[in-house]
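J.: Pasting a structure here, questions to come.
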Number of protein chains: 2
Amino acid sequence: MKTRIVTISREYGSGGRAVGQQLAARLGIACYDQALIGKIAMETGFARDYISKRGEDAPKGAWLGGVFAGKDFYGLSIQDELWSAQRKVITGLAEREPCVIVGRCADYVLRERKDLLSVFIHAPLSFRAQRAKTIYEKEANNIEDFVRKKDKKRAAFYNYFSQNKWGDARHYHLAVSSVYGVDFAVEVLKHAAESFPGGRD
Amino acid sequence: MKTRIVTISREYGSGGRAVGQQLAARLGIACYDQALIGKIAMETGFARDYISKRGEDAPKGAWLGGVFAGKDFYGLSIQDELWSAQRKVITGLAEREPCVIVGRCADYVLRERKDLLSVFIHAPLSFRAQRAKTIYEKEANNIEDFVRKKDKKRAAFYNYFSQNKWGDARHYHLAVSSVYGVDFAVEVLKHAAESFPGGRD
């Protein structure tokens with residue numbers, strides 16, 4: 001049996017999105033990433049750009065360990081509404097067809113499914129900084145700081161909405177470093193998705 | 001190219017040792033686990049039983065976040081000597097032949113090798129408690145507490161000697177949950193070891 005749903009959480013610059021796209025292509029299933037944003041936009045009426053920028057933000061203050069989270073009523077309200085819409089879209093997609101879903105806490109949203117393979121893609125900071133420079137043509141003065149900040153935002157979003165710990169191996173079925181290349185990560189995941197025994201207690 | 005060295009770090013009861021043994025058998029290479037203990041014993045003169053029990057202990061006090069670590073001079077000295085001997089044996093084994101090495105911070109010891117695939121095996125607590133009960137016939141009153149304490153010791157050992165964080169996906173090339181079965185984990189790792197591109201920056 002093949003797995004039906006693969007979710008990919010990823011460090012910034014690790015190539016996680018490319019892994020998701022190539023994996024989906026090789027498995028012959030859909031990949032929801034930017035396309036997912038469009039769906040959410042239609043669902044919620046939020047502007048596409050706004051969701052693209054804010055769809056993985058935690059509420060203001062969540063970076064500070066939740067001390068101030070919830071006090072910014074307006075921010076929390078918007079983010080919670082967006083979170084709720086994203087969750088609905090992700091649940092619907094997983095019901096409808098086999099697919100790869102990149103980002104947006106999809107692993108947590110779908111955690112009760114027994115046909116889920118949840119994946120975390122990561123790589124050393126220097127590797128990701130170099131990749132961000134080359135692929136995204138980022139020209140920040142301190143590219144490593146830029147990458148670190150991106151991760152901090154993703155971690156805050158994930159930790160806030162999932163109550164798990166972003167990057168802890170124990171929250172994912174598979175975690176793969178892309179330090180040996182995106183192709184290698186795709187190859188490992190393709191085989192995993194195809195060898196998937198299905199079901200668990 | 002095949003990877004030459006696979007290291008396996010594992011949560012207690014996750015089946016990590018079984019994964020290591022089956023993986024080595026399927027790859028046709030050696031697995032060092034209990035055998036490694038024997039080698040270390042010969043190397044150091046420590047009694048086999050002592051190393052079996054203490055070879056993955058951190059120095060006394062290390063559980064308390066290092067506050068008291070180093071103050072128990074006698075304990076620290078023995079553990080440091082043992083650590084140094086283990087490191088020497090692991091380095092020697094990796095030089096000598098392709099192999100799977102289970103436990104004992106081998107991933108950290110061999111972190112500079114470019115032919116290394118370092119792996120972390122884990123599973124949900126309830127799954128591991130059930131497995132510990134069945135496989136090891138553990139009859140502790142509270143089996144989950146027993147499993148948790150075992151993990152705490154492994155984490156203390158790893159965090160103390162490696163200065164990494166045990167269980168953080170980012171310290172391993174691959175992390176695999178055994179929740180879908182030991183066979184599935186072995187299958188994923190075998191393919192990864194065989195598809196290994198070799199080399200990295």
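All residue names refer to the structure tokens as shown: chains lettered A, B, ... in order, residues numbered from 1 in each chain, ligands numbered from 1 in order.
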Could you produce a table of the residues of chain A lying within 6 Å of chain B, with the nearest pair of atoms per residue and their separation in Å rounded to one decimal, using only C-alpha atoms, ordered by chain and increasing residue number, as a Markdown table?

T.:
| residue | atom | partner | partner_atom | distance |
| --- | --- | --- | --- | --- |
| A:Gly167 | CA | B:Ala169 | CA | 5.7 |
| A:Asp168 | CA | B:Asp168 | CA | 4.7 |
| A:Ala169 | CA | B:Ala169 | CA | 4.2 |
| A:His173 | CA | B:Ser177 | CA | 4.8 |
| A:Leu174 | CA | B:Val176 | CA | 4.7 |
| A:Ala175 | CA | B:Ala175 | CA | 4.8 |
| A:Val176 | CA | B:Leu174 | CA | 4.7 |
| A:Ser177 | CA | B:His173 | CA | 4.8 |
| A:Tyr180 | CA | B:Arg200 | CA | 5.9 |
| A:Val188 | CA | B:Ala192 | CA | 5.5 |
| A:Ala192 | CA | B:Val188 | CA | 5.5 |
| A:Arg200 | CA | B:Tyr180 | CA | 5.9 |

J.: Name the residues in contact with segment 101-107 of chain B at a cut-off of 9 Å, using only C-alpha atoms, excluding same-chain residues fewer than 2 positions from it; report them as an MDAnalysis selection string.

T.: chainID B and resid 5:10 16:17 20:21 30:34 36 55:56 83 86:87 90:91 93:94 99 109:111 116:119 154 157:158 161:162 171:172

J.: Counting only C-alpha atoms, figure out which residue out of A:Arg4, A:Gln79, A:Tyr12, A:Ala85 gets nearest to Ile143 of chain A.

T.: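 Checking each candidate against Ile143 of chain A, we get A:Tyr12 as the closest.
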
J.: Skip Ser126 of chain A itself and residues of its chain fewer than 4 positions away, then list as a list in words all residues within 9 Å of it, counting only C-alpha atoms.

T.: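 Contacts, with the query itself left out: Gln130, Arg131 and Glu144 of chain A.
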
J.: Could you state the separation of atom CA of Glu112 of chain B and atom CA of Val186 of chain A in Å, given to one decimal place?

T.: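 Atom-to-atom, atom CA of Glu112 of chain B to atom CA of Val186 of chain A, that is 23.8 Å.
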
J.: To one decimal in Å, tell me the separation between atom CA of Ala156 of chain B and atom CA of Arg128 of chain A.

T.: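 Between these atoms lies a distance of 29.1 Å.
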
J.: Just the number, please: distance in Å from atom CA of Gln22 of chain A to atom CA of Val89 of chain A, one decimal.

T.: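 According to the coordinates, atom CA of Gln22 of chain A and atom CA of Val89 of chain A are separated by 22.3 Å.
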